[in-house]
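Novice: Structure supplied as target28.cif; contents: mmCIF, C-alpha atoms and all ligand atoms.
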data_work
loop_
_atom_site.group_PDB
_atom_site.id
_atom_site.type_symbol
_atom_site.label_atom_id
_atom_site.label_comp_id
_atom_site.auth_asym_id
_atom_site.auth_seq_id
_atom_site.Cartn_x
_atom_site.Cartn_y
_atom_site.Cartn_z
ATOM 1 C CA MET A 225 106.027 -149.839 67.455
ATOM 2 C CA HIS A 226 105.582 -146.375 66.009
ATOM 3 C CA PRO A 227 103.133 -143.593 66.675
ATOM 4 C CA ALA A 228 101.105 -143.164 63.508
ATOM 5 C CA GLN A 229 99.610 -139.935 64.709
ATOM 6 C CA PHE A 230 100.483 -137.499 67.451
ATOM 7 C CA LYS A 231 98.391 -134.406 67.633
ATOM 8 C CA LYS A 232 96.790 -131.917 69.917
ATOM 9 C CA LEU A 233 93.218 -132.881 70.570
ATOM 10 C CA ASN A 234 92.377 -129.758 72.558
ATOM 11 C CA GLU A 235 94.013 -127.398 75.036
ATOM 12 C CA GLU A 236 94.773 -130.212 77.443
ATOM 13 C CA ASN A 237 95.115 -133.453 75.591
ATOM 14 C CA ILE A 238 97.219 -135.153 72.988
ATOM 15 C CA LEU A 239 95.895 -137.914 70.782
ATOM 16 C CA VAL A 240 98.424 -140.661 70.204
ATOM 17 C CA LYS A 241 97.605 -143.269 67.583
ATOM 18 C CA TRP A 242 99.914 -146.232 67.111
ATOM 19 C CA ASP A 243 100.635 -148.312 64.085
ATOM 20 C CA ASP A 244 98.960 -151.284 65.750
ATOM 21 C CA GLY A 245 95.704 -149.354 65.713
ATOM 22 C CA LYS A 246 95.581 -148.503 69.397
ATOM 23 C CA GLU A 247 94.868 -144.956 70.332
ATOM 24 C CA PHE A 248 95.223 -143.035 73.555
ATOM 25 C CA THR A 249 94.319 -139.645 74.877
ATOM 26 C CA VAL A 250 97.161 -138.317 76.990
ATOM 27 C CA PRO A 251 96.933 -135.089 78.983
ATOM 28 C CA MET A 252 99.838 -132.783 78.180
ATOM 29 C CA LYS A 253 100.456 -132.325 81.882
ATOM 30 C CA TYR A 254 100.870 -136.069 82.282
ATOM 31 C CA LEU A 255 103.320 -136.136 79.435
ATOM 32 C CA ARG A 256 105.335 -133.166 80.634
ATOM 33 C CA ASP A 257 105.522 -134.444 84.200
ATOM 34 C CA ARG A 258 107.142 -137.554 82.767
ATOM 35 C CA CYS A 259 109.657 -135.690 80.668
ATOM 36 C CA PRO A 260 112.607 -138.076 80.519
ATOM 37 C CA CYS A 261 115.321 -135.422 80.301
ATOM 38 C CA ALA A 262 117.941 -135.154 83.009
ATOM 39 C CA SER A 263 116.871 -131.788 84.332
ATOM 40 C CA CYS A 264 113.312 -132.993 84.881
ATOM 41 C CA GLN A 265 114.124 -136.417 86.263
ATOM 42 C CA GLY A 266 117.298 -135.630 88.146
ATOM 43 C CA GLU A 267 120.504 -137.493 87.588
ATOM 44 C CA SER A 268 122.286 -140.134 89.538
ATOM 45 C CA VAL A 269 125.923 -139.179 89.573
ATOM 46 C CA LEU A 270 128.091 -141.670 91.416
ATOM 47 C CA TRP A 271 126.411 -142.354 94.716
ATOM 48 C CA ARG A 272 124.652 -139.057 94.938
ATOM 49 C CA GLU A 273 121.243 -138.553 93.586
ATOM 50 C CA TYR A 274 120.260 -135.198 92.287
ATOM 51 C CA LYS A 275 116.607 -134.419 92.547
ATOM 52 C CA PRO A 276 114.975 -131.979 90.207
ATOM 53 C CA SER A 277 115.318 -128.515 91.594
ATOM 54 C CA PRO A 278 112.475 -127.702 93.986
ATOM 55 C CA LEU A 279 112.785 -124.124 92.805
ATOM 56 C CA GLN A 280 111.370 -124.990 89.432
ATOM 57 C CA VAL A 281 108.387 -122.755 89.097
ATOM 58 C CA LEU A 282 105.395 -123.270 86.951
ATOM 59 C CA THR A 283 106.264 -121.337 83.853
ATOM 60 C CA PRO A 284 103.515 -120.210 81.535
ATOM 61 C CA GLY A 285 103.095 -122.763 78.796
ATOM 62 C CA LYS A 286 104.763 -125.537 80.746
ATOM 63 C CA TYR A 287 101.913 -127.893 79.982
ATOM 64 C CA ASN A 288 101.288 -126.638 76.503
ATOM 65 C CA LEU A 289 102.920 -128.543 73.701
ATOM 66 C CA LYS A 290 104.338 -126.452 70.909
ATOM 67 C CA ALA A 291 105.857 -128.983 68.561
ATOM 68 C CA ALA A 292 106.681 -132.647 68.202
ATOM 69 C CA GLU A 293 109.357 -133.972 65.920
ATOM 70 C CA VAL A 294 110.395 -137.515 65.129
ATOM 71 C CA VAL A 295 114.059 -138.065 65.876
ATOM 72 C CA GLY A 296 116.018 -140.880 64.282
ATOM 73 C CA ASP A 297 112.905 -143.022 63.874
ATOM 74 C CA TYR A 298 112.948 -144.064 67.514
ATOM 75 C CA ALA A 299 111.782 -141.093 69.537
ATOM 76 C CA LEU A 300 109.738 -137.937 69.622
ATOM 77 C CA ALA A 301 111.358 -134.673 70.597
ATOM 78 C CA LEU A 302 108.787 -132.461 72.253
ATOM 79 C CA THR A 303 109.028 -128.717 72.421
ATOM 80 C CA TRP A 304 106.892 -126.971 74.990
ATOM 81 C CA VAL A 305 105.598 -123.437 74.894
ATOM 82 C CA ASP A 306 107.839 -122.501 77.841
ATOM 83 C CA GLY A 307 110.837 -123.348 75.652
ATOM 84 C CA HIS A 308 111.692 -126.705 77.188
ATOM 85 C CA ASN A 309 112.870 -129.022 74.442
ATOM 86 C CA THR A 310 115.375 -131.466 75.879
ATOM 87 C CA GLY A 311 112.915 -134.290 76.450
ATOM 88 C CA LEU A 312 113.324 -137.173 74.033
ATOM 89 C CA TYR A 313 110.408 -139.553 74.338
ATOM 90 C CA ALA A 314 111.540 -142.874 72.927
ATOM 91 C CA PHE A 315 108.611 -144.630 71.293
ATOM 92 C CA ASP A 316 108.622 -147.492 73.777
ATOM 93 C CA TYR A 317 108.691 -145.008 76.658
ATOM 94 C CA LEU A 318 105.833 -143.071 75.113
ATOM 95 C CA ARG A 319 103.888 -146.271 74.627
ATOM 96 C CA ARG A 320 104.462 -147.186 78.264
ATOM 97 C CA ILE A 321 103.114 -143.801 79.330
ATOM 98 C CA CYS A 322 100.018 -144.455 77.214
ATOM 99 C CA GLU A 323 99.483 -147.954 78.590
ATOM 100 C CA GLU A 324 100.075 -146.843 82.157
ATOM 101 C CA LEU A 325 97.548 -144.078 81.765
ATOM 102 C CA ALA A 326 95.001 -146.364 80.134
ATOM 103 C CA SER A 327 95.288 -148.900 82.935
ATOM 104 C CA ASN A 328 95.157 -146.255 85.643
ATOM 105 C CA PRO A 329 93.254 -143.166 84.493
ATOM 106 C CA ALA A 330 93.303 -141.791 88.024
ATOM 107 C CA ALA A 331 97.062 -141.351 87.746
ATOM 108 C CA ALA A 332 96.513 -138.401 85.456
ATOM 109 C CA ALA A 333 94.702 -136.599 88.230
ATOM 110 C CA LYS A 334 97.357 -137.217 90.862
ATOM 111 C CA PRO A 335 99.030 -134.127 92.245
ATOM 112 C CA ASP A 336 102.685 -133.529 91.471
ATOM 113 C CA ARG A 337 105.073 -135.607 93.474
ATOM 114 C CA ASN A 338 107.221 -132.683 94.563
HETATM 115 ZN ZN ZN B 401 112.581 -132.232 80.699
#
Show me this structure written as structure tokens.
Ligand SMILES: [Zn+2]
Specialist:
Amino acid sequence: MHPAQFKKLNEENILVKWDDGKEFTVPMKYLRDRCPCASCQGESVLWREYKPSPLQVLTPGKYNLKAAEVVGDYALALTWVDGHNTGLYAFDYLRRICEELASNPAAAAKPDRN
């Protein structure tokens, strides 16, 4: 499963088209809040669980996508306007985000968990 198209639709949304013909509109905020990188998701190291820092402030451009690049034919590397670029969205993870959003559109409107 590959994204055939991944582009900014407007200031808030990304259009993701897949090679099976399905297409989804994904808010950038939704995408960024699910950034899979360690600093966003926290890491489990041994028995201790590290939560993302509560001191993370909302930086300008946090929810504004700057660039997307295919990496190794299995993932998209997203670069955000605030400079964050360590999130690698594997295609199957990205697809799951799309499906989850499509089946529960209200999730996009949910406030941040932290
Ligand atoms: Zn991240």
Novice: For a quick check of understanding, using only C-alpha atoms and all ligand atoms, which of A:Ile321, A:Leu302, A:Ala332, A:Val294 has the smallest distance to ligand ZN 401 (chain B)?
Specialist: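 Ranked by minimum distance to ligand ZN 401 (chain B), first place goes to A:Leu302.
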Novice: Please provide the set of residues having any atom within 10 Å of range 281-288 of chain A, restricted to all atoms listed in the file, with same-chain residues fewer than 5 positions apart removed, written as a ChimeraX atom specification.
Specialist: /A:232,235-237,251-257,303-308
Novice: All residues within 7 Å of ligand ZN 401 (chain B) are required, counting all atoms listed in the file; please report them as a list in words.
Specialist: Cys259, Pro260, Cys261, Ala262, Ser263, Cys264, His308, Thr310 and Gly311 of chain A
Novice: Kindly resolve the PyMOL selection byres (((chain A and resi 244) around 9) and not hetatm) on the present coordinates and return the residues as a list in words.
Specialist: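 On this input, the PyMOL selection byres (((chain A and resi 244) around 9) and not hetatm) captures Met225, His226, Pro227, Ala228, Lys241, Trp242, Asp243, Gly245, Lys246 and Glu247 of chain A.
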Novice: Using the chain letters and numbers from the file, which residues does the PyMOL selection byres (((chain A and resi 297) around 12) and not hetatm) grab, as a list in words?
Specialist: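 Selected by the PyMOL selection byres (((chain A and resi 297) around 12) and not hetatm) here: Met225, His226, Pro227, Ala228, Glu293, Val294, Val295, Gly296, Tyr298, Ala299, Leu300, Ala301, Leu312, Tyr313, Ala314, Phe315 and Asp316 of chain A.
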Novice: Give the answer as one residue: which of A:Val250, A:Gln265, A:Ile238, A:Leu233 has the shortest atom-to-atom distance to Asn328 in chain A, using only C-alpha atoms?
Specialist: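 So, comparing all the options, the nearest one is A:Val250.
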